[in-house]
Amino acid sequence: FDLVISMFGAMFAPRPFDTAREMVRVTRPGGRIVMGNWIPGDPTLIARVLQICAAYTPLPPEGFVSPVTWGMEDSVRERFGAAGIGNDKIMCTRATYTFRHPRAPSAFLALFRDYYGPTMNAFDAAERDGRRLELQAELGRLFETENRGGAFLTEISATYLKVVVQK
């Protein structure tokens, strides 16, 4: 392919070195790979959602590699380097994505609860532990606090690592 794009997707594949190698394999010489990856410990929405959810879910299995390590420049360079890409062919910059939803933050949170894997898992685990309402309240406060769109519109920004690999 001339262009391989993964916006917040490939970062969730279980074997990051294999993922980088496969993206490089399917990209033609002279082509590009572009990724958007959430950044660990970032003070914006997604990193905070993931941090909150982690407190409600069991510890991951041994050998688990956190998806947000794709948001660390050194990890990105190591993975693509192992796939044969020179350091000078990898560019990493921070960028911002603004979530926009035409309803209140509570309705936007409901989408995360029902369709975003990490929050779905956290709500399932919290339900089993009798902590579902606690998780709902904690995430609800976060979505309300971060919202810049007003009472009936949601606009919340999140920072991510934009990765561009030139093959």
# chains A, B, ... in the order shown; residues from 1 in each chain; ligands from 1
>>> select_by_dssp(residues="region 3-167 of chain A", states="alpha helix (DSSP H)", output="ChimeraX atom specification")
/A:16-25,45-54,73-82,105-115,117-128,132-146
>>> closest_atom_pairs(of="region 100-128 of chain A", to="region 6-28 of chain A", cutoff="12 Å", atoms="only C-alpha atoms", output="CSV")
residue,atom,partner,partner_atom,distance
A:Tyr116,CA,A:Phe8,CA,11.3
A:Gly117,CA,A:Phe12,CA,9.8
A:Pro118,CA,A:Phe12,CA,10.2
>>> select_by_dssp(residues="chain A", states="strand (DSSP E)", output="PyMOL selection string")
chain A and resi 3-7+32-38+90-101+154-166
>>> closest_atom_pairs(of="region 33-114 of chain A", to="region 146-151 of chain A", cutoff="12 Å", atoms="only C-alpha atoms", output="CSV")
residue,atom,partner,partner_atom,distance
A:Pro43,CA,A:Glu146,CA,10.3
A:Thr44,CA,A:Glu146,CA,8.0
A:Leu45,CA,A:Glu146,CA,7.2
A:Ile46,CA,A:Glu146,CA,10.9
A:Arg48,CA,A:Glu146,CA,10.5
A:Val49,CA,A:Glu146,CA,11.3
A:Thr98,CA,A:Arg148,CA,10.1
A:Phe99,CA,A:Asn147,CA,9.5
A:Arg100,CA,A:Gly149,CA,8.3
A:His101,CA,A:Gly149,CA,8.9
A:Pro102,CA,A:Gly149,CA,9.2
A:Arg103,CA,A:Ala151,CA,8.2
A:Ala104,CA,A:Ala151,CA,5.8
A:Pro105,CA,A:Asn147,CA,6.9
A:Ser106,CA,A:Ala151,CA,9.8
A:Ala107,CA,A:Ala151,CA,11.1
A:Phe108,CA,A:Asn147,CA,10.3
A:Leu109,CA,A:Asn147,CA,11.2
>>> residues_around(residues="Glu78 (chain A)", least_positions_apart="5", cutoff="10 Å", atoms="only C-alpha atoms", output="NGL selection string")
:A and (17 or 20 or 73 or 83-87)
>>> write_last_selection(atoms="C-alpha atoms", output="JSON list (two decimals), in the first residue's frame")
[["chain", "number", "residue", "atom", "x", "y", "z"],
["A", 17, "PHE", "CA", 6.66, -5.77, 17.41],
["A", 20, "ALA", "CA", 5.02, -2.81, 13.45],
["A", 73, "GLU", "CA", 8.20, 7.78, 21.26],
["A", 83, "ALA", "CA", 11.13, -3.90, 11.60],
["A", 84, "GLY", "CA", 14.00, -2.35, 9.63],
["A", 85, "ILE", "CA", 13.05, 1.33, 9.67],
["A", 86, "GLY", "CA", 15.84, 3.83, 10.36],
["A", 87, "ASN", "CA", 15.39, 6.33, 13.15]]
>>> residues_around(residues="Asp129 (chain A)", least_positions_apart="6", cutoff="10 Å", atoms="only C-alpha atoms", output="JSON, numbers by chain")
{"A": [56, 57, 123]}
>>> closest_residue(among="A:Ile90, A:Ile39, A:Ala125, A:Ala137", to="Ala110 (chain A)", atoms="only C-alpha atoms")
A:Ala137
>>> residues_around(residues="Thr69 (chain A)", least_positions_apart="3", cutoff="9 Å", atoms="only C-alpha atoms", output="list of chain:residue names")
A:Met11, A:Asn37, A:Trp38, A:Ile39, A:Pro40, A:Val65, A:Ser66, A:Met72, A:Glu73, A:Asp74, A:Ser75, A:Val76
>>> write_last_selection(atoms="all heavy atoms", output="short mmCIF file (atom, residue, chain, number, x, y, z; two decimals), in the first residue's frame")
data_model
loop_
_atom_site.label_atom_id
_atom_site.label_comp_id
_atom_site.auth_asym_id
_atom_site.auth_seq_id
_atom_site.Cartn_x
_atom_site.Cartn_y
_atom_site.Cartn_z
N MET A 11 -2.69 0.05 17.95
CA MET A 11 -2.09 0.11 19.29
C MET A 11 -2.69 -0.94 20.23
O MET A 11 -2.07 -1.30 21.22
CB MET A 11 -2.23 1.51 19.90
CG MET A 11 -3.66 1.95 20.17
SD MET A 11 -3.79 3.61 20.86
CE MET A 11 -3.29 3.33 22.53
N ASN A 37 -1.81 7.37 18.38
CA ASN A 37 -1.75 6.50 19.56
C ASN A 37 -1.94 7.32 20.83
O ASN A 37 -1.31 8.36 21.00
CB ASN A 37 -0.40 5.78 19.62
CG ASN A 37 -0.09 4.99 18.37
OD1 ASN A 37 -0.93 4.25 17.88
ND2 ASN A 37 1.11 5.16 17.83
N TRP A 38 -2.80 6.84 21.71
CA TRP A 38 -3.01 7.53 22.97
C TRP A 38 -1.74 7.48 23.81
O TRP A 38 -0.99 6.51 23.78
CB TRP A 38 -4.18 6.92 23.73
CG TRP A 38 -5.47 6.99 22.98
CD1 TRP A 38 -6.28 5.95 22.63
CD2 TRP A 38 -6.12 8.17 22.48
NE1 TRP A 38 -7.38 6.41 21.94
CE2 TRP A 38 -7.31 7.76 21.83
CE3 TRP A 38 -5.81 9.52 22.50
CZ2 TRP A 38 -8.18 8.66 21.22
CZ3 TRP A 38 -6.68 10.42 21.89
CH2 TRP A 38 -7.85 9.99 21.27
N ILE A 39 -1.51 8.53 24.57
CA ILE A 39 -0.27 8.73 25.34
C ILE A 39 -0.52 8.37 26.81
O ILE A 39 -1.45 8.89 27.43
CB ILE A 39 0.19 10.19 25.23
CG1 ILE A 39 0.44 10.56 23.77
CG2 ILE A 39 1.43 10.43 26.08
CD1 ILE A 39 0.66 12.04 23.53
N PRO A 40 0.33 7.50 27.39
CA PRO A 40 0.13 7.15 28.79
C PRO A 40 0.41 8.34 29.72
O PRO A 40 1.31 9.13 29.47
CB PRO A 40 1.15 6.04 29.04
CG PRO A 40 2.22 6.27 28.03
CD PRO A 40 1.52 6.87 26.83
N VAL A 65 1.29 -6.34 27.16
CA VAL A 65 1.94 -5.07 26.84
C VAL A 65 0.85 -4.03 26.69
O VAL A 65 -0.04 -4.16 25.85
CB VAL A 65 2.77 -5.18 25.54
CG1 VAL A 65 3.41 -3.84 25.20
CG2 VAL A 65 3.83 -6.27 25.65
N SER A 66 0.91 -3.00 27.50
CA SER A 66 -0.12 -1.97 27.48
C SER A 66 -0.19 -1.29 26.11
O SER A 66 0.84 -0.90 25.55
CB SER A 66 0.17 -0.91 28.55
OG SER A 66 -0.72 0.17 28.41
N MET A 72 4.42 6.23 23.41
CA MET A 72 5.75 6.61 23.90
C MET A 72 6.72 6.56 22.73
O MET A 72 6.90 5.51 22.10
CB MET A 72 6.18 5.65 25.01
CG MET A 72 5.23 5.65 26.19
SD MET A 72 5.43 4.25 27.32
CE MET A 72 7.14 4.31 27.71
N GLU A 73 7.34 7.68 22.44
CA GLU A 73 8.20 7.78 21.26
C GLU A 73 9.30 6.72 21.24
O GLU A 73 9.57 6.11 20.20
CB GLU A 73 8.81 9.18 21.16
CG GLU A 73 9.59 9.39 19.90
CD GLU A 73 10.03 10.83 19.68
OE1 GLU A 73 9.46 11.75 20.31
OE2 GLU A 73 10.95 11.02 18.85
N ASP A 74 9.94 6.46 22.37
CA ASP A 74 11.01 5.45 22.42
C ASP A 74 10.50 4.08 22.02
O ASP A 74 11.18 3.33 21.31
CB ASP A 74 11.65 5.39 23.80
CG ASP A 74 12.46 6.62 24.14
OD1 ASP A 74 12.78 7.41 23.22
OD2 ASP A 74 12.79 6.82 25.32
N SER A 75 9.30 3.72 22.47
CA SER A 75 8.72 2.42 22.12
C SER A 75 8.42 2.34 20.63
O SER A 75 8.66 1.32 19.98
CB SER A 75 7.43 2.18 22.91
OG SER A 75 7.71 2.06 24.28
N VAL A 76 7.88 3.42 20.08
CA VAL A 76 7.57 3.46 18.64
C VAL A 76 8.85 3.27 17.84
O VAL A 76 8.90 2.45 16.90
CB VAL A 76 6.88 4.79 18.27
CG1 VAL A 76 6.81 4.97 16.76
CG2 VAL A 76 5.51 4.87 18.90
#
>>> atom_distance(atom1="CA of Val34 (chain A)", atom2="CA of Ala82 (chain A)")
17.3 Å
>>> atom_distance(atom1="CA of Ile156 (chain A)", atom2="CA of Met35 (chain A)")
20.6 Å
>>> atom_distance(atom1="CA of Arg128 (chain A)", atom2="CA of Arg113 (chain A)")
15.3 Å
